[in-house]
Amino acid sequence: MAACHIFRLAAMKGKSVILDALKHNKRTLQAERGAGENIDASKSHLNYSLTGSDTPEQVATHAKVQMVKAGIDKPRINQVLGVEIVFSLPIDRHSQDTKPFFIDCYEWVKKTFDGELLSFDVHLDESAPHAHAVILPLIDGKMQGSDMMGGKGNLLRLINHFHLEVASRYGLSRSESKRLSAMDKQSLASRVLSQLKTDPVMKSSIYHCIRDLIVKDPLPFAQMLSITPAAKNISVKSFVDHKRSKGKGRFIT
């Protein structure tokens with residue numbers, strides 16, 4: 001069986017959500033507060049960006065300026081201010097050259113999504129090689145993040161499109177989350193939440209959203225934390241990083 005990849009789409013809401021995400025993705029937050037147990041700081045120098053070398057603050061300011069120019073200076077409380085896409089490879093791909101895959105992911109995002117691609121950061125300092133793309137959903141002078149996210153049908157369409165256009169060319173199969181039974185999923189979610197009790201994510205202002213994502217689909221989080229599902233025939237080979245650390249404390253679907 002081909003190894004699995006994971007593709008996740010997340011709506012970004014909250015006044016500082018883009019800056020918080022960029023600080024994590026560009027590792028400036030880890031430099032301030034410590035890498036944490038899921039990040040190998042000795043490998044962080046291997047991370048790279050495919051969208052330039054601007055700081056999180058510069059990118060976030062640019063996004064805000066673009067919104068103000070469009071007449072959006074006070075977004076609604078629940079406004080989708082950004083869309084984040086996460087691409088994750090199996091753990092064993094660290095031994096291979098993953099850059100061609102992530103370059104193809106980068107090109108696929110630019111071709112597939114309207115709006116402005118603010119950042120595309122590749123992480124090689126965690127359990128599995130993965131990348132975060134952050135998009136400003138400003139289209140025709142309007143914030144259209146909710147439309148960009150769509151419903152479950154849109155997500156499945158994007159997953160199928162990405163698999164056909166990119167993942168299948170690298171010998172990758174779809175995620176096997178659907179093979180978890182309801183009981184196994186509940187058990188796995190409980191184990192993930194238990195392991196996160198001492199994690200900074202517990203202090204995040206968006207923890208309730210992260211918790212709901214874990215309950216809905218715990219396998220990517222379990223894979224990131226090296227928690228093996230009890231269910232048979234589930235291969236733990238990749239993960240998606242949905243953790244965020246916000247300022248004093250802070251993926252997808």
# chains A, B, ... in the order shown; residues from 1 in each chain; ligands from 1
$ residues_around --residues "region 101-110 of chain A" --least-positions-apart "4" --cutoff "12 Å" --atoms "only C-alpha atoms" --output "ChimeraX atom specification"
/A:5,7,9,47-51,83-89,93,96-97,114-124,129-136,158-159,161-172
$ write_last_selection --atoms "N, CA and C atoms" --output "short mmCIF file (atom, residue, chain, number, x, y, z; two decimals), in the first residue's frame"
data_model
loop_
_atom_site.label_atom_id
_atom_site.label_comp_id
_atom_site.auth_asym_id
_atom_site.auth_seq_id
_atom_site.Cartn_x
_atom_site.Cartn_y
_atom_site.Cartn_z
N HIS A 5 -0.66 10.61 2.66
CA HIS A 5 -0.40 12.02 2.90
C HIS A 5 -1.61 12.59 3.62
N PHE A 7 -3.95 16.21 4.02
CA PHE A 7 -4.28 17.53 3.50
C PHE A 7 -5.35 18.10 4.40
N LEU A 9 -7.57 21.82 5.62
CA LEU A 9 -7.96 23.18 5.31
C LEU A 9 -8.58 23.77 6.57
N ASN A 47 14.28 24.23 8.06
CA ASN A 47 13.01 24.78 7.59
C ASN A 47 13.26 25.87 6.54
N TYR A 48 12.29 26.08 5.68
CA TYR A 48 12.45 27.12 4.67
C TYR A 48 11.09 27.63 4.21
N SER A 49 11.12 28.79 3.58
CA SER A 49 9.90 29.41 3.07
C SER A 49 9.99 29.53 1.56
N LEU A 50 8.86 29.36 0.88
CA LEU A 50 8.82 29.51 -0.57
C LEU A 50 8.20 30.85 -0.98
N THR A 51 7.99 31.73 0.01
CA THR A 51 7.36 33.02 -0.29
C THR A 51 8.17 34.20 0.23
N VAL A 83 -7.12 31.63 5.36
CA VAL A 83 -7.35 30.21 5.15
C VAL A 83 -5.98 29.54 5.18
N GLU A 84 -5.83 28.53 6.03
CA GLU A 84 -4.55 27.82 6.13
C GLU A 84 -4.71 26.41 5.58
N ILE A 85 -3.76 26.04 4.76
CA ILE A 85 -3.72 24.69 4.20
C ILE A 85 -2.45 24.01 4.70
N VAL A 86 -2.59 22.78 5.16
CA VAL A 86 -1.45 22.03 5.66
C VAL A 86 -1.26 20.78 4.83
N PHE A 87 -0.05 20.57 4.34
CA PHE A 87 0.31 19.38 3.57
C PHE A 87 1.32 18.59 4.39
N SER A 88 1.04 17.32 4.64
CA SER A 88 1.95 16.52 5.45
C SER A 88 2.33 15.23 4.74
N LEU A 89 3.61 14.90 4.82
CA LEU A 89 4.14 13.67 4.25
C LEU A 89 4.33 12.61 5.33
N ARG A 93 9.59 9.98 5.02
CA ARG A 93 10.04 10.78 3.89
C ARG A 93 11.17 11.75 4.27
N GLN A 96 14.25 11.34 2.32
CA GLN A 96 14.21 11.67 0.90
C GLN A 96 14.22 13.18 0.69
N ASP A 97 14.44 13.57 -0.55
CA ASP A 97 14.38 14.99 -0.90
C ASP A 97 12.91 15.37 -1.08
N ASP A 114 -8.01 31.51 -5.21
CA ASP A 114 -7.97 32.95 -5.42
C ASP A 114 -7.48 33.59 -4.12
N GLY A 115 -7.44 34.93 -4.08
CA GLY A 115 -6.89 35.58 -2.91
C GLY A 115 -5.38 35.68 -3.04
N GLU A 116 -4.71 36.04 -1.95
CA GLU A 116 -3.26 36.23 -1.98
C GLU A 116 -2.57 35.22 -1.06
N LEU A 117 -1.61 34.50 -1.60
CA LEU A 117 -0.83 33.56 -0.81
C LEU A 117 0.17 34.37 0.01
N LEU A 118 -0.07 34.47 1.31
CA LEU A 118 0.78 35.28 2.19
C LEU A 118 2.07 34.58 2.55
N SER A 119 2.01 33.29 2.78
CA SER A 119 3.21 32.57 3.19
C SER A 119 3.07 31.09 2.86
N PHE A 120 4.22 30.47 2.67
CA PHE A 120 4.27 29.02 2.45
C PHE A 120 5.55 28.54 3.13
N ASP A 121 5.39 27.95 4.31
CA ASP A 121 6.54 27.57 5.13
C ASP A 121 6.61 26.07 5.30
N VAL A 122 7.80 25.53 5.05
CA VAL A 122 8.04 24.09 5.16
C VAL A 122 8.77 23.78 6.46
N HIS A 123 8.26 22.80 7.20
CA HIS A 123 8.85 22.39 8.47
C HIS A 123 9.47 21.00 8.35
N LEU A 124 10.74 20.93 8.67
CA LEU A 124 11.47 19.66 8.68
C LEU A 124 12.01 19.34 10.06
N PRO A 129 7.69 15.62 7.62
CA PRO A 129 7.84 16.83 6.81
C PRO A 129 6.46 17.37 6.46
N HIS A 130 6.26 18.66 6.65
CA HIS A 130 4.96 19.24 6.33
C HIS A 130 5.10 20.71 6.01
N ALA A 131 4.06 21.31 5.45
CA ALA A 131 4.11 22.71 5.06
C ALA A 131 2.79 23.39 5.40
N HIS A 132 2.88 24.69 5.71
CA HIS A 132 1.71 25.52 6.00
C HIS A 132 1.60 26.62 4.95
N ALA A 133 0.47 26.68 4.27
CA ALA A 133 0.19 27.78 3.35
C ALA A 133 -0.89 28.65 3.97
N VAL A 134 -0.67 29.96 4.03
CA VAL A 134 -1.65 30.89 4.59
C VAL A 134 -2.10 31.84 3.49
N ILE A 135 -3.42 31.88 3.27
CA ILE A 135 -4.00 32.68 2.19
C ILE A 135 -4.86 33.80 2.75
N LEU A 136 -4.70 35.00 2.20
CA LEU A 136 -5.60 36.11 2.51
C LEU A 136 -6.76 36.01 1.53
N LEU A 158 -11.49 19.36 -3.06
CA LEU A 158 -10.11 19.82 -3.03
C LEU A 158 -9.15 18.67 -2.75
N ILE A 159 -9.53 17.79 -1.82
CA ILE A 159 -8.68 16.64 -1.51
C ILE A 159 -8.49 15.76 -2.74
N HIS A 161 -8.84 16.67 -5.87
CA HIS A 161 -8.08 17.42 -6.87
C HIS A 161 -6.60 17.42 -6.55
N PHE A 162 -6.27 17.65 -5.27
CA PHE A 162 -4.87 17.66 -4.87
C PHE A 162 -4.24 16.28 -5.06
N HIS A 163 -4.99 15.24 -4.70
CA HIS A 163 -4.45 13.90 -4.85
C HIS A 163 -4.16 13.58 -6.31
N LEU A 164 -5.08 13.97 -7.18
CA LEU A 164 -4.90 13.71 -8.61
C LEU A 164 -3.76 14.53 -9.20
N GLU A 165 -3.71 15.82 -8.83
CA GLU A 165 -2.74 16.74 -9.43
C GLU A 165 -1.33 16.61 -8.85
N VAL A 166 -1.24 16.27 -7.56
CA VAL A 166 0.07 16.28 -6.89
C VAL A 166 0.42 14.96 -6.19
N ALA A 167 -0.35 14.62 -5.17
CA ALA A 167 0.04 13.52 -4.28
C ALA A 167 0.25 12.19 -4.99
N SER A 168 -0.63 11.87 -5.92
CA SER A 168 -0.53 10.57 -6.59
C SER A 168 0.77 10.44 -7.38
N ARG A 169 1.33 11.55 -7.81
CA ARG A 169 2.57 11.52 -8.59
C ARG A 169 3.79 11.20 -7.71
N TYR A 170 3.58 11.24 -6.40
CA TYR A 170 4.66 10.92 -5.46
C TYR A 170 4.39 9.60 -4.73
N GLY A 171 3.52 8.79 -5.29
CA GLY A 171 3.24 7.48 -4.72
C GLY A 171 2.50 7.53 -3.41
N LEU A 172 1.69 8.57 -3.21
CA LEU A 172 0.98 8.75 -1.94
C LEU A 172 -0.50 8.40 -2.10
#
$ closest_residue --among "A:Pro200, A:Ser187, A:Ala128, A:Gly151" --to "Leu29 (chain A)" --atoms "only C-alpha atoms"
A:Pro200
$ atom_distance --atom1 "CA of Ala11 (chain A)" --atom2 "CA of Gln58 (chain A)"
21.1 Å
$ closest_residue --among "A:Ala189, A:Ile18, A:Leu219, A:Val201" --to "Val80 (chain A)" --atoms "only C-alpha atoms"
A:Ile18
$ atom_distance --atom1 "CA of Asp212 (chain A)" --atom2 "CA of Ile39 (chain A)"
23.4 Å
$ select_by_dssp --residues "region 36-241 of chain A" --states "alpha helix (DSSP H)" --output "ChimeraX atom specification"
/A:56-69,99-112,145-149,152-165,182-195,207-216,219-224
$ atom_distance --atom1 "CA of Met12 (chain A)" --atom2 "CA of Ala41 (chain A)"
26.3 Å
$ select_by_dssp --residues "region 60-249 of chain A" --states "strand (DSSP E or B)" --output "ChimeraX atom specification"
/A:80-88,90,116-123,130-136,138-139,142-143,172-173,238
$ write_last_selection --atoms "C-alpha atoms" --output "PDB file, in the first residue's frame"
ATOM      1  CA  VAL A  80     -12.598  34.406   8.222  1.00  0.00           C
ATOM      2  CA  LEU A  81      -9.405  36.460   7.960  1.00  0.00           C
ATOM      3  CA  GLY A  82      -7.271  33.734   6.500  1.00  0.00           C
ATOM      4  CA  VAL A  83      -7.347  30.205   5.148  1.00  0.00           C
ATOM      5  CA  GLU A  84      -4.553  27.820   6.134  1.00  0.00           C
ATOM      6  CA  ILE A  85      -3.719  24.687   4.196  1.00  0.00           C
ATOM      7  CA  VAL A  86      -1.446  22.035   5.657  1.00  0.00           C
ATOM      8  CA  PHE A  87       0.307  19.385   3.568  1.00  0.00           C
ATOM      9  CA  SER A  88       1.952  16.521   5.455  1.00  0.00           C
ATOM     10  CA  PRO A  90       4.776  10.282   5.935  1.00  0.00           C
ATOM     11  CA  GLU A 116      -3.258  36.228  -1.978  1.00  0.00           C
ATOM     12  CA  LEU A 117      -0.826  33.564  -0.806  1.00  0.00           C
ATOM     13  CA  LEU A 118       0.777  35.282   2.187  1.00  0.00           C
ATOM     14  CA  SER A 119       3.209  32.569   3.193  1.00  0.00           C
ATOM     15  CA  PHE A 120       4.275  29.019   2.452  1.00  0.00           C
ATOM     16  CA  ASP A 121       6.539  27.574   5.133  1.00  0.00           C
ATOM     17  CA  VAL A 122       8.037  24.089   5.156  1.00  0.00           C
ATOM     18  CA  HIS A 123       8.851  22.390   8.472  1.00  0.00           C
ATOM     19  CA  HIS A 130       4.955  19.238   6.335  1.00  0.00           C
ATOM     20  CA  ALA A 131       4.105  22.709   5.058  1.00  0.00           C
ATOM     21  CA  HIS A 132       1.714  25.520   6.003  1.00  0.00           C
ATOM     22  CA  ALA A 133       0.187  27.780   3.349  1.00  0.00           C
ATOM     23  CA  VAL A 134      -1.647  30.892   4.591  1.00  0.00           C
ATOM     24  CA  ILE A 135      -3.996  32.677   2.186  1.00  0.00           C
ATOM     25  CA  LEU A 136      -5.595  36.107   2.513  1.00  0.00           C
ATOM     26  CA  LEU A 138      -9.493  39.004  -0.248  1.00  0.00           C
ATOM     27  CA  ILE A 139     -11.138  38.564  -3.651  1.00  0.00           C
ATOM     28  CA  LYS A 142     -14.308  41.404  -0.451  1.00  0.00           C
ATOM     29  CA  MET A 143     -13.281  38.893   2.199  1.00  0.00           C
ATOM     30  CA  LEU A 172       0.979   8.745  -1.944  1.00  0.00           C
ATOM     31  CA  SER A 173      -2.485   7.513  -1.034  1.00  0.00           C
ATOM     32  CA  SER A 238       2.099  11.193   8.837  1.00  0.00           C
TER      33      SER A 238
END
$ closest_residue --among "A:Arg211, A:Arg157, A:Lys99, A:Arg27" --to "Ser194 (chain A)" --atoms "only C-alpha atoms"
A:Arg211
